[in-house]
file structure09.pdb (PDB, C-alpha atoms)
ATOM      1  CA  MET A   1    -134.133  87.423  40.357
ATOM      2  CA  HIS A   2    -134.271  84.079  42.132
ATOM      3  CA  ILE A   3    -131.376  82.479  43.982
ATOM      4  CA  LYS A   4    -131.193  78.697  43.996
ATOM      5  CA  LEU A   5    -129.023  77.242  46.761
ATOM      6  CA  PRO A   6    -128.145  73.542  46.698
ATOM      7  CA  GLU A   7    -128.172  71.533  49.934
ATOM      8  CA  ALA A   8    -124.363  71.199  49.864
ATOM      9  CA  LEU A   9    -123.988  74.960  50.321
ATOM     10  CA  LEU A  10    -126.467  75.117  53.178
ATOM     11  CA  HIS A  11    -124.559  72.381  55.023
ATOM     12  CA  PRO A  12    -120.941  72.628  53.826
ATOM     13  CA  HIS A  13    -118.735  69.605  54.294
ATOM     14  CA  LYS A  14    -115.853  69.520  56.737
ATOM     15  CA  PRO A  15    -112.576  70.415  55.018
ATOM     16  CA  VAL A  16    -110.228  67.537  54.431
ATOM     17  CA  GLN A  17    -106.913  67.838  56.209
ATOM     18  CA  SER A  18    -103.935  68.067  53.938
ATOM     19  CA  THR A  19    -101.188  65.516  54.169
ATOM     20  CA  PRO A  20     -98.528  66.277  56.769
ATOM     21  CA  GLY A  21     -95.307  67.794  55.587
ATOM     22  CA  MET A  22     -92.940  70.701  56.017
ATOM     23  CA  SER A  23     -95.430  73.314  54.779
ATOM     24  CA  LEU A  24     -95.303  76.502  56.843
ATOM     25  CA  LEU A  25     -98.918  77.269  55.956
ATOM     26  CA  SER A  26    -101.743  74.784  56.377
ATOM     27  CA  GLN A  27    -104.902  74.676  54.308
ATOM     28  CA  ASP A  28    -106.838  75.862  57.385
ATOM     29  CA  ASN A  29    -104.989  79.215  57.466
ATOM     30  CA  VAL A  30    -102.810  78.117  60.388
ATOM     31  CA  LEU A  31     -99.110  78.852  60.542
ATOM     32  CA  ASN A  32     -97.204  75.648  61.250
ATOM     33  CA  ILE A  33     -94.589  77.569  63.197
ATOM     34  CA  VAL A  34     -93.574  77.055  66.809
ATOM     35  CA  THR A  35     -92.944  80.470  68.369
ATOM     36  CA  ARG A  36     -90.424  80.905  71.167
ATOM     37  CA  ARG A  37     -91.138  84.136  72.961
ATOM     38  CA  LYS A  38     -88.541  86.023  74.961
ATOM     39  CA  THR A  39     -91.148  87.180  77.473
ATOM     40  CA  ARG A  40     -93.873  85.236  79.165
ATOM     41  CA  GLY A  41     -97.328  85.470  77.703
ATOM     42  CA  HIS A  42     -99.941  87.051  79.953
ATOM     43  CA  LEU A  43    -103.086  84.919  79.709
ATOM     44  CA  LEU A  44    -105.183  87.210  81.888
ATOM     45  CA  GLY A  45    -103.844  90.292  80.098
ATOM     46  CA  ASP A  46    -105.503  89.115  76.853
ATOM     47  CA  MET A  47    -108.464  87.393  78.499
ATOM     48  CA  TYR A  48    -111.100  89.311  76.510
ATOM     49  CA  HIS A  49    -109.570  88.267  73.173
ATOM     50  CA  ASN A  50    -109.166  84.680  74.322
ATOM     51  CA  CYS A  51    -112.784  84.500  75.486
ATOM     52  CA  LEU A  52    -114.032  85.788  72.122
ATOM     53  CA  THR A  53    -111.885  83.534  69.945
ATOM     54  CA  MET A  54    -112.320  80.210  71.764
ATOM     55  CA  GLY A  55    -115.148  77.853  70.815
ATOM     56  CA  TRP A  56    -118.493  77.779  72.584
ATOM     57  CA  MET A  57    -117.770  74.543  74.440
ATOM     58  CA  PRO A  58    -114.385  75.721  75.826
ATOM     59  CA  PHE A  59    -116.004  79.074  76.695
ATOM     60  CA  PHE A  60    -118.804  77.532  78.760
ATOM     61  CA  ALA A  61    -116.352  75.044  80.287
ATOM     62  CA  THR A  62    -114.099  77.950  81.372
ATOM     63  CA  VAL A  63    -117.042  79.890  82.826
ATOM     64  CA  THR A  64    -118.276  76.810  84.711
ATOM     65  CA  ALA A  65    -114.807  76.066  86.067
ATOM     66  CA  ALA A  66    -114.382  79.674  87.253
ATOM     67  CA  TYR A  67    -117.818  79.592  88.902
ATOM     68  CA  LEU A  68    -117.075  76.364  90.754
ATOM     69  CA  LEU A  69    -113.631  77.576  91.797
ATOM     70  CA  LEU A  70    -115.036  80.791  93.304
ATOM     71  CA  ASN A  71    -117.706  78.814  95.144
ATOM     72  CA  LEU A  72    -115.138  76.404  96.528
ATOM     73  CA  LEU A  73    -112.912  79.232  97.766
ATOM     74  CA  PHE A  74    -115.712  81.111  99.535
ATOM     75  CA  SER A  75    -117.316  77.929 100.903
ATOM     76  CA  LEU A  76    -113.915  77.052 102.371
ATOM     77  CA  GLY A  77    -113.863  80.482 104.030
ATOM     78  CA  PHE A  78    -117.300  79.917 105.571
ATOM     79  CA  TYR A  79    -116.242  76.409 106.577
ATOM     80  CA  LEU A  80    -113.370  77.876 108.594
ATOM     81  CA  LEU A  81    -115.803  80.138 110.496
ATOM     82  CA  PRO A  82    -117.648  77.949 113.058
ATOM     83  CA  HIS A  83    -121.264  79.012 113.532
ATOM     84  CA  GLY A  84    -120.791  81.722 110.885
ATOM     85  CA  LEU A  85    -123.955  80.692 109.060
ATOM     86  CA  SER A  86    -127.399  80.176 110.526
ATOM     87  CA  ASN A  87    -129.104  76.795 110.073
ATOM     88  CA  VAL A  88    -125.788  75.230 109.021
ATOM     89  CA  LYS A  89    -124.042  72.894 111.413
ATOM     90  CA  ALA A  90    -120.350  73.529 112.091
ATOM     91  CA  GLY A  91    -118.199  71.427 109.768
ATOM     92  CA  HIS A  92    -121.023  70.873 107.222
ATOM     93  CA  PHE A  93    -119.178  71.748 104.032
ATOM     94  CA  TRP A  94    -122.065  71.329 101.590
ATOM     95  CA  GLY A  95    -124.202  73.743 103.576
ATOM     96  CA  ASP A  96    -121.424  76.315 103.273
ATOM     97  CA  PHE A  97    -121.063  75.527  99.549
ATOM     98  CA  PHE A  98    -124.752  76.021  98.710
ATOM     99  CA  PHE A  99    -124.884  79.258 100.694
ATOM    100  CA  SER A 100    -121.840  80.442  98.726
ATOM    101  CA  ALA A 101    -123.605  79.588  95.434
ATOM    102  CA  GLN A 102    -126.694  81.553  96.506
ATOM    103  CA  THR A 103    -124.613  84.533  97.584
ATOM    104  CA  LEU A 104    -122.418  84.546  94.466
ATOM    105  CA  SER A 105    -125.505  84.690  92.248
ATOM    106  CA  THR A 106    -127.112  87.270  94.619
ATOM    107  CA  VAL A 107    -130.200  85.026  95.005
ATOM    108  CA  GLY A 108    -130.340  84.797  98.797
ATOM    109  CA  TYR A 109    -133.284  82.570  99.761
ATOM    110  CA  GLY A 110    -133.160  83.746 103.377
ATOM    111  CA  TYR A 111    -133.085  80.376 105.123
ATOM    112  CA  ILE A 112    -129.305  80.588 105.541
ATOM    113  CA  TYR A 113    -127.735  83.928 106.435
ATOM    114  CA  PRO A 114    -124.344  85.046 107.808
ATOM    115  CA  GLN A 115    -123.809  85.652 111.505
ATOM    116  CA  GLY A 116    -121.046  87.752 112.991
ATOM    117  CA  PHE A 117    -118.698  90.358 111.554
ATOM    118  CA  ALA A 118    -116.335  87.946 109.784
ATOM    119  CA  ALA A 119    -119.088  85.964 108.031
ATOM    120  CA  ASN A 120    -120.913  89.138 106.933
ATOM    121  CA  THR A 121    -117.677  90.628 105.597
ATOM    122  CA  LEU A 122    -116.953  87.486 103.590
ATOM    123  CA  ALA A 123    -120.538  87.410 102.257
ATOM    124  CA  THR A 124    -120.300  91.088 101.247
ATOM    125  CA  LEU A 125    -117.076  90.429  99.332
ATOM    126  CA  GLU A 126    -118.635  87.446  97.585
ATOM    127  CA  MET A 127    -121.686  89.470  96.526
ATOM    128  CA  LEU A 128    -119.414  92.133  95.058
ATOM    129  CA  ILE A 129    -117.429  89.560  93.086
ATOM    130  CA  GLY A 130    -120.671  87.862  92.012
ATOM    131  CA  THR A 131    -122.108  91.125  90.660
ATOM    132  CA  ILE A 132    -118.933  91.907  88.712
ATOM    133  CA  SER A 133    -118.701  88.332  87.380
ATOM    134  CA  THR A 134    -122.311  88.413  86.158
ATOM    135  CA  ALA A 135    -121.677  91.661  84.292
ATOM    136  CA  ILE A 136    -118.488  90.315  82.674
ATOM    137  CA  ILE A 137    -120.058  87.014  81.570
ATOM    138  CA  THR A 138    -123.148  88.803  80.219
ATOM    139  CA  GLY A 139    -120.946  91.151  78.203
ATOM    140  CA  LEU A 140    -118.862  88.289  76.798
ATOM    141  CA  VAL A 141    -121.906  86.257  75.760
ATOM    142  CA  PHE A 142    -123.471  89.305  74.085
ATOM    143  CA  ALA A 143    -120.218  90.149  72.310
ATOM    144  CA  ARG A 144    -119.922  86.592  70.978
ATOM    145  CA  PHE A 145    -123.530  86.517  69.757
ATOM    146  CA  SER A 146    -123.468  90.012  68.241
ATOM    147  CA  ARG A 147    -120.328  89.547  66.152
ATOM    148  CA  PRO A 148    -121.330  89.840  62.466
ATOM    149  CA  HIS A 149    -120.272  87.087  60.087
ATOM    150  CA  ALA A 150    -120.173  87.137  56.305
ATOM    151  CA  ARG A 151    -121.699  84.088  54.643
ATOM    152  CA  VAL A 152    -119.387  84.196  51.648
ATOM    153  CA  LEU A 153    -118.747  81.167  49.457
ATOM    154  CA  PHE A 154    -115.347  80.804  47.788
ATOM    155  CA  SER A 155    -114.841  78.673  44.704
ATOM    156  CA  ASN A 156    -113.160  75.349  45.402
ATOM    157  CA  MET A 157    -110.478  76.097  42.855
ATOM    158  CA  VAL A 158    -108.955  78.984  40.933
ATOM    159  CA  THR A 159    -108.733  78.868  37.156
ATOM    160  CA  ILE A 160    -106.155  80.114  34.672
ATOM    161  CA  PHE A 161    -107.376  80.981  31.194
ATOM    162  CA  GLN A 162    -106.010  82.930  28.258
ATOM    163  CA  ASP A 163    -107.442  86.423  27.724
ATOM    164  CA  GLY A 164    -105.884  87.601  24.486
ATOM    165  CA  ASP A 165    -102.136  87.379  24.987
ATOM    166  CA  ILE A 166    -102.297  87.454  28.796
ATOM    167  CA  PRO A 167    -103.104  84.475  31.043
ATOM    168  CA  LYS A 168    -105.368  85.371  33.933
ATOM    169  CA  LEU A 169    -105.894  83.855  37.358
ATOM    170  CA  ASN A 170    -109.596  83.877  38.216
ATOM    171  CA  PHE A 171    -111.519  83.546  41.519
ATOM    172  CA  ARG A 172    -115.243  83.344  42.146
ATOM    173  CA  LEU A 173    -117.074  84.460  45.297
ATOM    174  CA  GLY A 174    -120.736  84.116  46.227
ATOM    175  CA  ASN A 175    -122.924  85.889  48.765
ATOM    176  CA  LEU A 176    -125.218  83.348  50.446
ATOM    177  CA  ARG A 177    -127.334  85.932  52.247
ATOM    178  CA  LYS A 178    -130.463  87.607  50.901
ATOM    179  CA  THR A 179    -129.077  91.064  51.639
ATOM    180  CA  PRO A 180    -126.148  92.382  49.562
ATOM    181  CA  LEU A 181    -122.800  93.291  51.048
ATOM    182  CA  MET A 182    -121.777  96.912  50.684
ATOM    183  CA  ASN A 183    -118.404  98.529  50.017
ATOM    184  CA  THR A 184    -116.740  95.189  49.269
ATOM    185  CA  SER A 185    -112.962  94.968  48.916
ATOM    186  CA  ILE A 186    -110.840  91.900  48.322
ATOM    187  CA  GLU A 187    -107.111  91.323  48.455
ATOM    188  CA  ALA A 188    -105.081  88.397  47.120
ATOM    189  CA  ILE A 189    -101.670  87.471  48.530
ATOM    190  CA  LEU A 190     -99.200  84.847  47.355
ATOM    191  CA  ALA A 191     -97.371  83.194  50.243
ATOM    192  CA  ARG A 192     -94.454  80.871  49.523
ATOM    193  CA  THR A 193     -91.228  79.685  51.054
ATOM    194  CA  ARG A 194     -87.970  80.788  49.456
ATOM    195  CA  SER A 195     -84.414  79.638  50.127
ATOM    196  CA  ASP A 196     -81.403  81.912  49.699
ATOM    197  CA  GLU A 197     -77.888  80.968  48.637
ATOM    198  CA  ARG A 198     -77.016  79.906  52.184
ATOM    199  CA  GLY A 199     -79.973  77.561  52.367
ATOM    200  CA  HIS A 200     -81.955  79.699  54.805
ATOM    201  CA  THR A 201     -85.706  79.335  54.306
ATOM    202  CA  SER A 202     -88.014  82.314  54.739
ATOM    203  CA  LEU A 203     -91.698  82.997  54.208
ATOM    204  CA  GLN A 204     -92.330  85.525  51.423
ATOM    205  CA  LEU A 205     -95.623  87.392  51.005
ATOM    206  CA  GLU A 206     -96.368  89.103  47.687
ATOM    207  CA  PRO A 207     -99.600  90.903  46.731
ATOM    208  CA  LEU A 208    -101.436  89.798  43.597
ATOM    209  CA  THR A 209    -102.903  92.856  41.876
ATOM    210  CA  LEU A 210    -106.530  92.304  40.922
ATOM    211  CA  GLY A 211    -108.238  93.925  37.959
ATOM    212  CA  HIS A 212    -111.134  95.084  40.134
ATOM    213  CA  SER A 213    -110.605  94.814  43.868
ATOM    214  CA  HIS A 214    -113.455  97.046  45.064
ATOM    215  CA  PHE A 215    -117.190  96.851  44.414
ATOM    216  CA  PRO A 216    -119.755  99.190  45.992
ATOM    217  CA  VAL A 217    -122.349  96.380  46.051
ATOM    218  CA  PHE A 218    -121.861  92.602  46.293
ATOM    219  CA  PRO A 219    -125.336  91.238  45.459
ATOM    220  CA  VAL A 220    -124.948  87.534  44.633
ATOM    221  CA  SER A 221    -121.729  86.507  42.867
ATOM    222  CA  LEU A 222    -118.542  88.239  41.773
ATOM    223  CA  SER A 223    -115.414  87.180  39.895
ATOM    224  CA  PHE A 224    -111.945  88.597  40.441
ATOM    225  CA  SER A 225    -108.967  88.139  38.136
ATOM    226  CA  HIS A 226    -105.216  88.684  38.280
ATOM    227  CA  SER A 227    -103.232  89.235  35.087
ATOM    228  CA  ILE A 228    -100.076  87.107  34.978
ATOM    229  CA  THR A 229     -97.754  89.609  33.331
ATOM    230  CA  GLU A 230     -94.010  90.102  33.767
ATOM    231  CA  ASN A 231     -94.730  92.130  36.911
ATOM    232  CA  SER A 232     -96.763  89.318  38.476
ATOM    233  CA  PRO A 233     -95.194  87.090  41.176
ATOM    234  CA  LEU A 234     -96.740  84.136  39.304
ATOM    235  CA  TYR A 235     -95.014  84.942  36.014
ATOM    236  CA  GLY A 236     -93.014  81.972  34.720
ATOM    237  CA  LEU A 237     -94.061  79.668  37.597
ATOM    238  CA  ASP A 238     -95.630  76.310  36.812
ATOM    239  CA  ARG A 239     -97.462  73.952  39.148
ATOM    240  CA  ALA A 240     -94.335  71.976  40.045
ATOM    241  CA  THR A 241     -92.490  75.154  41.093
ATOM    242  CA  LEU A 242     -95.419  76.356  43.188
ATOM    243  CA  GLU A 243     -95.689  72.985  44.910
ATOM    244  CA  ALA A 244     -91.960  72.944  45.621
ATOM    245  CA  GLN A 245     -92.252  76.419  47.175
ATOM    246  CA  GLN A 246     -95.265  75.300  49.263
ATOM    247  CA  ALA A 247     -97.222  78.175  47.745
ATOM    248  CA  ARG A 248    -100.578  79.355  49.060
ATOM    249  CA  ILE A 249    -102.882  82.045  47.705
ATOM    250  CA  PHE A 250    -104.745  83.933  50.434
ATOM    251  CA  LEU A 251    -108.003  85.748  49.674
ATOM    252  CA  ILE A 252    -109.176  88.301  52.236
ATOM    253  CA  LEU A 253    -112.596  89.930  51.856
ATOM    254  CA  ASN A 254    -113.706  93.029  53.743
ATOM    255  CA  ALA A 255    -117.247  94.373  53.423
ATOM    256  CA  THR A 256    -120.010  96.159  55.317
ATOM    257  CA  ASP A 257    -123.111  94.312  56.433
ATOM    258  CA  PRO A 258    -126.071  96.676  55.794
ATOM    259  CA  VAL A 259    -128.199  95.000  58.489
ATOM    260  CA  SER A 260    -125.799  95.536  61.398
ATOM    261  CA  ALA A 261    -123.833  98.388  59.729
ATOM    262  CA  GLN A 262    -120.629  96.652  60.828
ATOM    263  CA  ASP A 263    -117.585  95.411  58.959
ATOM    264  CA  VAL A 264    -117.481  91.710  58.136
ATOM    265  CA  PHE A 265    -114.514  89.631  57.047
ATOM    266  CA  ALA A 266    -113.965  86.358  55.229
ATOM    267  CA  ASN A 267    -110.869  84.557  53.992
ATOM    268  CA  HIS A 268    -109.887  81.451  52.084
ATOM    269  CA  THR A 269    -106.671  79.695  51.107
ATOM    270  CA  TYR A 270    -105.768  77.929  47.872
ATOM    271  CA  ALA A 271    -102.865  75.520  47.460
ATOM    272  CA  ALA A 272    -100.970  74.938  44.233
ATOM    273  CA  GLN A 273    -103.048  71.790  43.674
ATOM    274  CA  ASP A 274    -106.198  73.935  43.609
ATOM    275  CA  ILE A 275    -105.144  75.834  40.475
ATOM    276  CA  LEU A 276    -107.045  74.616  37.406
ATOM    277  CA  TYR A 277    -105.214  75.364  34.166
ATOM    278  CA  GLY A 278    -107.070  75.937  30.898
ATOM    279  CA  ALA A 279    -110.581  76.425  32.266
ATOM    280  CA  ARG A 280    -113.224  79.065  33.017
ATOM    281  CA  PHE A 281    -116.096  79.166  35.452
ATOM    282  CA  VAL A 282    -119.490  78.581  33.864
ATOM    283  CA  SER A 283    -122.183  81.223  34.170
ATOM    284  CA  LEU A 284    -124.571  81.015  37.119
ATOM    285  CA  LEU A 285    -127.370  82.900  35.363
ATOM    286  CA  LYS A 286    -130.252  80.978  33.848
ATOM    287  CA  GLU A 287    -133.577  82.185  32.510
ATOM    288  CA  THR A 288    -136.698  80.648  34.033
ATOM    289  CA  GLU A 289    -139.871  79.735  32.152
ATOM    290  CA  ARG A 290    -141.452  82.981  33.339
ATOM    291  CA  GLY A 291    -138.608  85.003  31.847
ATOM    292  CA  LEU A 292    -136.928  85.793  35.178
ATOM    293  CA  MET A 293    -133.194  85.505  35.790
ATOM    294  CA  GLU A 294    -132.182  82.760  38.205
ATOM    295  CA  VAL A 295    -128.814  82.390  39.930
ATOM    296  CA  ASP A 296    -128.089  78.681  40.289
ATOM    297  CA  PHE A 297    -125.443  78.051  42.948
ATOM    298  CA  SER A 298    -125.311  74.373  42.018
ATOM    299  CA  LEU A 299    -123.117  75.566  39.113
ATOM    300  CA  PHE A 300    -120.862  77.625  41.372
ATOM    301  CA  HIS A 301    -117.808  75.318  41.234
ATOM    302  CA  MET A 302    -118.320  74.071  37.669
ATOM    303  CA  THR A 303    -115.851  74.971  34.910
ATOM    304  CA  SER A 304    -115.685  74.682  31.147
ATOM    305  CA  PRO A 305    -112.550  74.065  29.031
ATOM    306  CA  ASP A 306    -110.634  77.051  27.756
ATOM    307  CA  PRO A 307    -107.360  75.669  26.290
ATOM    308  CA  LEU A 308    -104.159  77.538  26.947
ATOM    309  CA  PRO A 309    -101.583  78.029  24.168
ATOM    310  CA  ALA A 310     -99.794  74.900  23.025
ATOM    311  CA  ALA A 311     -96.578  76.029  24.706
ATOM    312  CA  ASP A 312     -98.222  75.564  28.075
ATOM    313  CA  GLU A 313     -97.928  71.931  29.066
ATOM    314  CA  GLU A 314    -100.449  72.055  31.904
ATOM    315  CA  PRO A 315    -103.340  69.604  31.432
ATOM    316  CA  ILE A 316    -106.886  70.872  31.025
ATOM    317  CA  THR A 317    -109.148  69.331  33.630
ATOM    318  CA  VAL A 318    -112.845  69.958  34.003
ATOM    319  CA  SER A 319    -114.424  68.787  37.242
ATOM    320  CA  ASP A 320    -117.756  69.355  38.890
ATOM    321  CA  ASP A 321    -116.592  67.881  42.205
ATOM    322  CA  PRO A 322    -114.590  69.985  44.680
ATOM    323  CA  PRO A 323    -110.990  68.837  44.989
ATOM    324  CA  SER A 324    -109.759  67.438  48.269
ATOM    325  CA  GLY A 325    -108.310  69.786  50.848
ATOM    326  CA  THR A 326    -110.625  72.733  50.058
ATOM    327  CA  THR A 327    -113.350  74.456  51.991
TER
END

call {"tool": "encode", "arguments": {"input": "structure09.pdb", "output": "structure tokens"}}
result
Amino acid sequence: MHIKLPEALLHPHKPVQSTPGMSLLSQDNVLNIVTRRKTRGHLLGDMYHNCLTMGWMPFFATVTAAYLLLNLLFSLGFYLLPHGLSNVKAGHFWGDFFFSAQTLSTVGYGYIYPQGFAANTLATLEMLIGTISTAIITGLVFARFSRPHARVLFSNMVTIFQDGDIPKLNFRLGNLRKTPLMNTSIEAILARTRSDERGHTSLQLEPLTLGHSHFPVFPVSLSFSHSITENSPLYGLDRATLEAQQARIFLILNATDPVSAQDVFANHTYAAQDILYGARFVSLLKETERGLMEVDFSLFHMTSPDPLPAADEEPITVSDDPPSGTT
């Protein structure tokens, strides 16, 4: 079996920001909620999590700032010790600074060395802090590089088609890696805002039961469906109602990467505008001239018409282009 990946999947486009409004949930999976905490947040208490979740540029900027700050503090200490360093004139700050940088990194060229009890004590403390800092930064960089990521492609829209007497909500997922994902599970959640009789708005989360939510092997592409029966949170809701409730459908995938033997996660969000009524996803399988089966990911987002019953007034739209505001 051959897998054909179009260039657009290898270099995905940047998601388009949705228009500003009162939505509690953005298309980028961010809660538009300002939290007022009763207790102060402890930045250093959650430093490990913050260092893993920030971007690479802020991470290296933070490490550089901490390195320079430590050097400035210790160089100031050596500056306040006249004749504490050999081959450095008293009051020569940059000589103290460069000696501090050499000591903090435990290089020690030997041309400049501490003299006296106070200078040696300060140098010993700086070497200890330098050794611990090197170990912490090395561990953080390794942890950031070694985190497994799932290269999972989500369809740009979800479709609703009629299966017998039951309409079904359908998703499509694709595995962009050559190795399959193992022990794959997926969960769908409907998030929407609801107002009670007093006009108080709250965020309501309701699970969407999928026909098959667990697959032992995720080789290339899988489809998941939710039956819109009387027990479904989507039963009786049209597009206008979902838009008024600022509805979002969250997909959360959990699988095991066989290469690293670690759990990997992926998620995606669909807005009410991303629901395509009266359509199905086209098949990705094509037969080559040599009789082999080929999976063509250029067809991944394409749909074909599948009209709903006449009582449903939703238009049938078939589009090969991803709608705006999707990833």

call {"tool": "resolve_selection", "arguments": {"input": "structure09.pdb", "expression": "the PyMOL selection byres ((chain A and resi 105-122) around 8)", "output": "JSON, numbers by chain"}}
result
{"A": [74, 77, 78, 81, 83, 84, 85, 86, 87, 88, 99, 101, 102, 103, 104, 123, 124, 125, 126, 127, 130, 131, 134]}

call {"tool": "resolve_selection", "arguments": {"input": "structure09.pdb", "expression": "the PyMOL selection byres ((chain A and resi 79) around 8)", "output": "short mmCIF file (atom, residue, chain, number, x, y, z; two decimals) with C-alpha atoms, in the coordinates of the input"}}
result
data_model
loop_
_atom_site.label_atom_id
_atom_site.label_comp_id
_atom_site.auth_asym_id
_atom_site.auth_seq_id
_atom_site.Cartn_x
_atom_site.Cartn_y
_atom_site.Cartn_z
CA SER A 75 -117.32 77.93 100.90
CA LEU A 76 -113.92 77.05 102.37
CA GLY A 77 -113.86 80.48 104.03
CA PHE A 78 -117.30 79.92 105.57
CA LEU A 80 -113.37 77.88 108.59
CA LEU A 81 -115.80 80.14 110.50
CA PRO A 82 -117.65 77.95 113.06
CA ALA A 90 -120.35 73.53 112.09
CA GLY A 91 -118.20 71.43 109.77
CA HIS A 92 -121.02 70.87 107.22
CA PHE A 93 -119.18 71.75 104.03
CA ASP A 96 -121.42 76.32 103.27
#

call {"tool": "atom_distance", "arguments": {"input": "structure09.pdb", "atom1": "CA of Met302 (chain A)", "atom2": "CA of Phe281 (chain A)"}}
result
6.0 Å

call {"tool": "resolve_selection", "arguments": {"input": "structure09.pdb", "expression": "the PyMOL selection byres ((chain A and resi 165) around 12)", "output": "NGL selection string"}}
result
:A and (161-164 or 166-168 or 227-229 or 308-309)

call {"tool": "closest_residue", "arguments": {"input": "structure09.pdb", "among": "A:Ser146, A:Thr303, A:Thr193, A:Ser223", "to": "Asn175 (chain A)", "atoms": "only C-alpha atoms"}}
result
A:Ser223

call {"tool": "residues_around", "arguments": {"input": "structure09.pdb", "residues": "Phe265 (chain A)", "least_positions_apart": "5", "cutoff": "8 Å", "atoms": "only C-alpha atoms", "output": "list in words"}}
result
His149, Ala150, Ile252, Leu253, Asn254 and Ala255 of chain A

call {"tool": "residues_near_point", "arguments": {"input": "structure09.pdb", "point": "(-123.0, 92.5, 46.2)", "cutoff": "9 Å", "atoms": "all atoms listed in the file", "output": "compact mmCIF listing (two decimals) with C-alpha atoms, in the coordinates of the input"}}
result
# COMPACT_ATOMS: atom_id res chain seq x y z
CA GLY A 174 -120.74 84.12 46.23
CA ASN A 175 -122.92 85.89 48.76
CA THR A 179 -129.08 91.06 51.64
CA PRO A 180 -126.15 92.38 49.56
CA LEU A 181 -122.80 93.29 51.05
CA MET A 182 -121.78 96.91 50.68
CA ASN A 183 -118.40 98.53 50.02
CA THR A 184 -116.74 95.19 49.27
CA PHE A 215 -117.19 96.85 44.41
CA PRO A 216 -119.76 99.19 45.99
CA VAL A 217 -122.35 96.38 46.05
CA PHE A 218 -121.86 92.60 46.29
CA PRO A 219 -125.34 91.24 45.46
CA VAL A 220 -124.95 87.53 44.63
CA SER A 221 -121.73 86.51 42.87
CA LEU A 222 -118.54 88.24 41.77

call {"tool": "closest_residue", "arguments": {"input": "structure09.pdb", "among": "A:Arg144, A:Arg151, A:Arg280, A:Lys178", "to": "Ser225 (chain A)", "atoms": "only C-alpha atoms"}}
result
A:Arg280

call {"tool": "axis_aligned_box", "arguments": {"input": "structure09.pdb", "around": "region 172-177 of chain A", "padding_each_side": "4 Å", "output": "AutoDock Vina command-line options"}}
result
--center_x -121.3 --center_y 84.6 --center_z 47.2 --size_x 20.1 --size_y 10.6 --size_z 18.1

call {"tool": "atom_distance", "arguments": {"input": "structure09.pdb", "atom1": "CA of Leu208 (chain A)", "atom2": "CA of Gln273 (chain A)"}}
result
18.1 Å

call {"tool": "atom_distance", "arguments": {"input": "structure09.pdb", "atom1": "CA of Arg194 (chain A)", "atom2": "CA of Glu243 (chain A)"}}
result
11.9 Å

call {"tool": "closest_residue", "arguments": {"input": "structure09.pdb", "among": "A:Leu285, A:Leu140, A:Ala279, A:Ile129", "to": "Ile160 (chain A)", "atoms": "only C-alpha atoms"}}
result
A:Ala279

call {"tool": "residues_near_point", "arguments": {"input": "structure09.pdb", "point": "(-121.4, 98.1, 64.0)", "cutoff": "12 Å", "atoms": "only C-alpha atoms", "output": "PyMOL selection string"}}
result
chain A and resi 143+146-149+255-264
